[in-house]
Amino acid sequence: VDLRESGGGSVEAGGSLRLSCTYSPLTGPYSANCMGWFRQATGKEREGVATINSDGSTIYADSVKGRFTISKDNDKNTLYLQMNSLKPEDTAMYYCAAEPLLTMVGACDPAFSGLAHWGKGTLVTVSS
């Protein structure tokens with residue numbers, strides 16, 4: 001699975017950004033998949049931001065609830081993360097990740113970061 005993020009940049013606190021992640025489609029029994037956004041700030045551990053299951057159900061980290069929205073367009077093979085009301089603490093490298101549900105050993109939840117496939121990331125910087 002090839003994942004490629006885009007849309008990162010620099011923005012002032014309170015601003016918005018939309019991240020995109022294009023992916024090669026999974027087919028057959030592996031088409032049902034978990035996809036998610038994760039982030040890692042300098043000097044900190046990677047943390048989950050949001051996940052979306054193949055049935056469209058979503059889960060968000062408490063730190064982004066009400067501000068971020070994860071979605072995907074299967075026709076365009078693109079995963080999105082709409083980020084509003086950005087805060088300086090949202091500054092991080094953002095990664096998209098995916099894995100077929102059949103092969104997952106954990107839940108499709110931001111708390112589980114053991115997905116098999118990862119993009120190279122896009123940097124988001126929020127200034128105060």
# chains A, B, ... in the order shown; residues from 1 in each chain; ligands from 1
call {"tool": "residues_around", "arguments": {"residues": "segment 19-28 of chain A", "least_positions_apart": "5", "cutoff": "7 Å", "atoms": "only C-alpha atoms", "output": "VMD selection string"}}
result
chain A and resid 1 to 8 77 to 82 96
call {"tool": "closest_atom_pairs", "arguments": {"of": "segment 4-43 of chain A", "to": "segment 111-116 of chain A", "cutoff": "10 Å", "atoms": "only C-alpha atoms", "output": "JSON lines"}}
result
{"residue": "A:Cys34", "atom": "CA", "partner": "A:Leu115", "partner_atom": "CA", "distance": 8.3}
{"residue": "A:Met35", "atom": "CA", "partner": "A:Leu115", "partner_atom": "CA", "distance": 8.4}
{"residue": "A:Gly36", "atom": "CA", "partner": "A:Leu115", "partner_atom": "CA", "distance": 8.8}
{"residue": "A:Trp37", "atom": "CA", "partner": "A:Ser113", "partner_atom": "CA", "distance": 9.5}
{"residue": "A:Phe38", "atom": "CA", "partner": "A:Ser113", "partner_atom": "CA", "distance": 7.8}
call {"tool": "write_last_selection", "arguments": {"atoms": "C-alpha atoms", "output": "mmCIF file, in the first residue's frame"}}
result
data_model
loop_
_atom_site.group_PDB
_atom_site.id
_atom_site.type_symbol
_atom_site.label_atom_id
_atom_site.label_comp_id
_atom_site.auth_asym_id
_atom_site.auth_seq_id
_atom_site.Cartn_x
_atom_site.Cartn_y
_atom_site.Cartn_z
ATOM 1 C CA CYS A 34 -8.594 0.831 8.917
ATOM 2 C CA MET A 35 -7.050 4.192 8.088
ATOM 3 C CA GLY A 36 -5.833 6.853 10.413
ATOM 4 C CA TRP A 37 -3.853 9.979 11.089
ATOM 5 C CA PHE A 38 -1.048 10.023 13.615
#
call {"tool": "residues_around", "arguments": {"residues": "Ile59 of chain A", "least_positions_apart": "3", "cutoff": "9 Å", "atoms": "only C-alpha atoms", "output": "PDB file with N, CA and C atoms, in the first residue's frame"}}
result
ATOM      1  N   VAL A  49      -4.271  10.456  16.229  1.00  0.00           N
ATOM      2  CA  VAL A  49      -5.128  11.630  16.102  1.00  0.00           C
ATOM      3  C   VAL A  49      -6.571  11.201  15.825  1.00  0.00           C
ATOM      4  N   ALA A  50      -6.743  10.389  14.789  1.00  0.00           N
ATOM      5  CA  ALA A  50      -8.087   9.960  14.408  1.00  0.00           C
ATOM      6  C   ALA A  50      -7.990   8.739  13.518  1.00  0.00           C
ATOM      7  N   THR A  51      -8.998   7.888  13.593  1.00  0.00           N
ATOM      8  CA  THR A  51      -9.074   6.723  12.712  1.00  0.00           C
ATOM      9  C   THR A  51     -10.454   6.647  12.085  1.00  0.00           C
ATOM     10  N   ILE A  52     -10.506   5.980  10.929  1.00  0.00           N
ATOM     11  CA  ILE A  52     -11.776   5.752  10.252  1.00  0.00           C
ATOM     12  C   ILE A  52     -11.792   4.310   9.759  1.00  0.00           C
ATOM     13  N   ASN A  53     -12.865   3.616  10.090  1.00  0.00           N
ATOM     14  CA  ASN A  53     -13.000   2.223   9.733  1.00  0.00           C
ATOM     15  C   ASN A  53     -13.642   2.115   8.344  1.00  0.00           C
ATOM     16  N   LYS A  65     -10.852  16.333  19.520  1.00  0.00           N
ATOM     17  CA  LYS A  65     -12.305  16.230  19.368  1.00  0.00           C
ATOM     18  C   LYS A  65     -12.936  17.606  19.224  1.00  0.00           C
ATOM     19  N   ILE A  70     -11.882  13.570  10.360  1.00  0.00           N
ATOM     20  CA  ILE A  70     -11.286  12.620   9.435  1.00  0.00           C
ATOM     21  C   ILE A  70     -12.364  12.147   8.466  1.00  0.00           C
ATOM     22  N   CYS A 108      -9.149  -0.639  15.448  1.00  0.00           N
ATOM     23  CA  CYS A 108      -9.052   0.541  14.605  1.00  0.00           C
ATOM     24  C   CYS A 108      -9.367   1.741  15.486  1.00  0.00           C
ATOM     25  N   ASP A 109      -8.346   2.248  16.145  1.00  0.00           N
ATOM     26  CA  ASP A 109      -8.509   3.257  17.193  1.00  0.00           C
ATOM     27  C   ASP A 109      -7.207   4.044  17.259  1.00  0.00           C
ATOM     28  N   PRO A 110      -7.290   5.359  17.477  1.00  0.00           N
ATOM     29  CA  PRO A 110      -6.045   6.129  17.543  1.00  0.00           C
ATOM     30  C   PRO A 110      -5.078   5.646  18.625  1.00  0.00           C
TER      31      PRO A 110
END
call {"tool": "closest_residue", "arguments": {"among": "A:Ala98, A:Met93, A:Leu123, A:Val64", "to": "Ala41 of chain A", "atoms": "only C-alpha atoms"}}
result
A:Met93
call {"tool": "atom_distance", "arguments": {"atom1": "atom CA of Leu17 of chain A", "atom2": "atom CA of Glu47 of chain A"}}
result
18.8 Å
call {"tool": "select_by_dssp", "arguments": {"residues": "chain A", "states": "strand (DSSP E)", "output": "ChimeraX atom specification"}}
result
/A:3-6,9-12,17-23,33-40,47-52,58-60,68-73,78-83,92-100,117-118,122-127
call {"tool": "residues_around", "arguments": {"residues": "Thr91 of chain A", "least_positions_apart": "6", "cutoff": "10 Å", "atoms": "only C-alpha atoms", "output": "MDAnalysis selection string"}}
result
chainID A and resid 9:11 39:42 123:127
call {"tool": "select_by_dssp", "arguments": {"residues": "chain A", "states": "helix (DSSP H, G or I)", "output": "list in words"}}
result
Gly28, Pro29, Tyr30, Pro88, Glu89, Asp90, Leu101, Leu102 and Thr103 of chain A
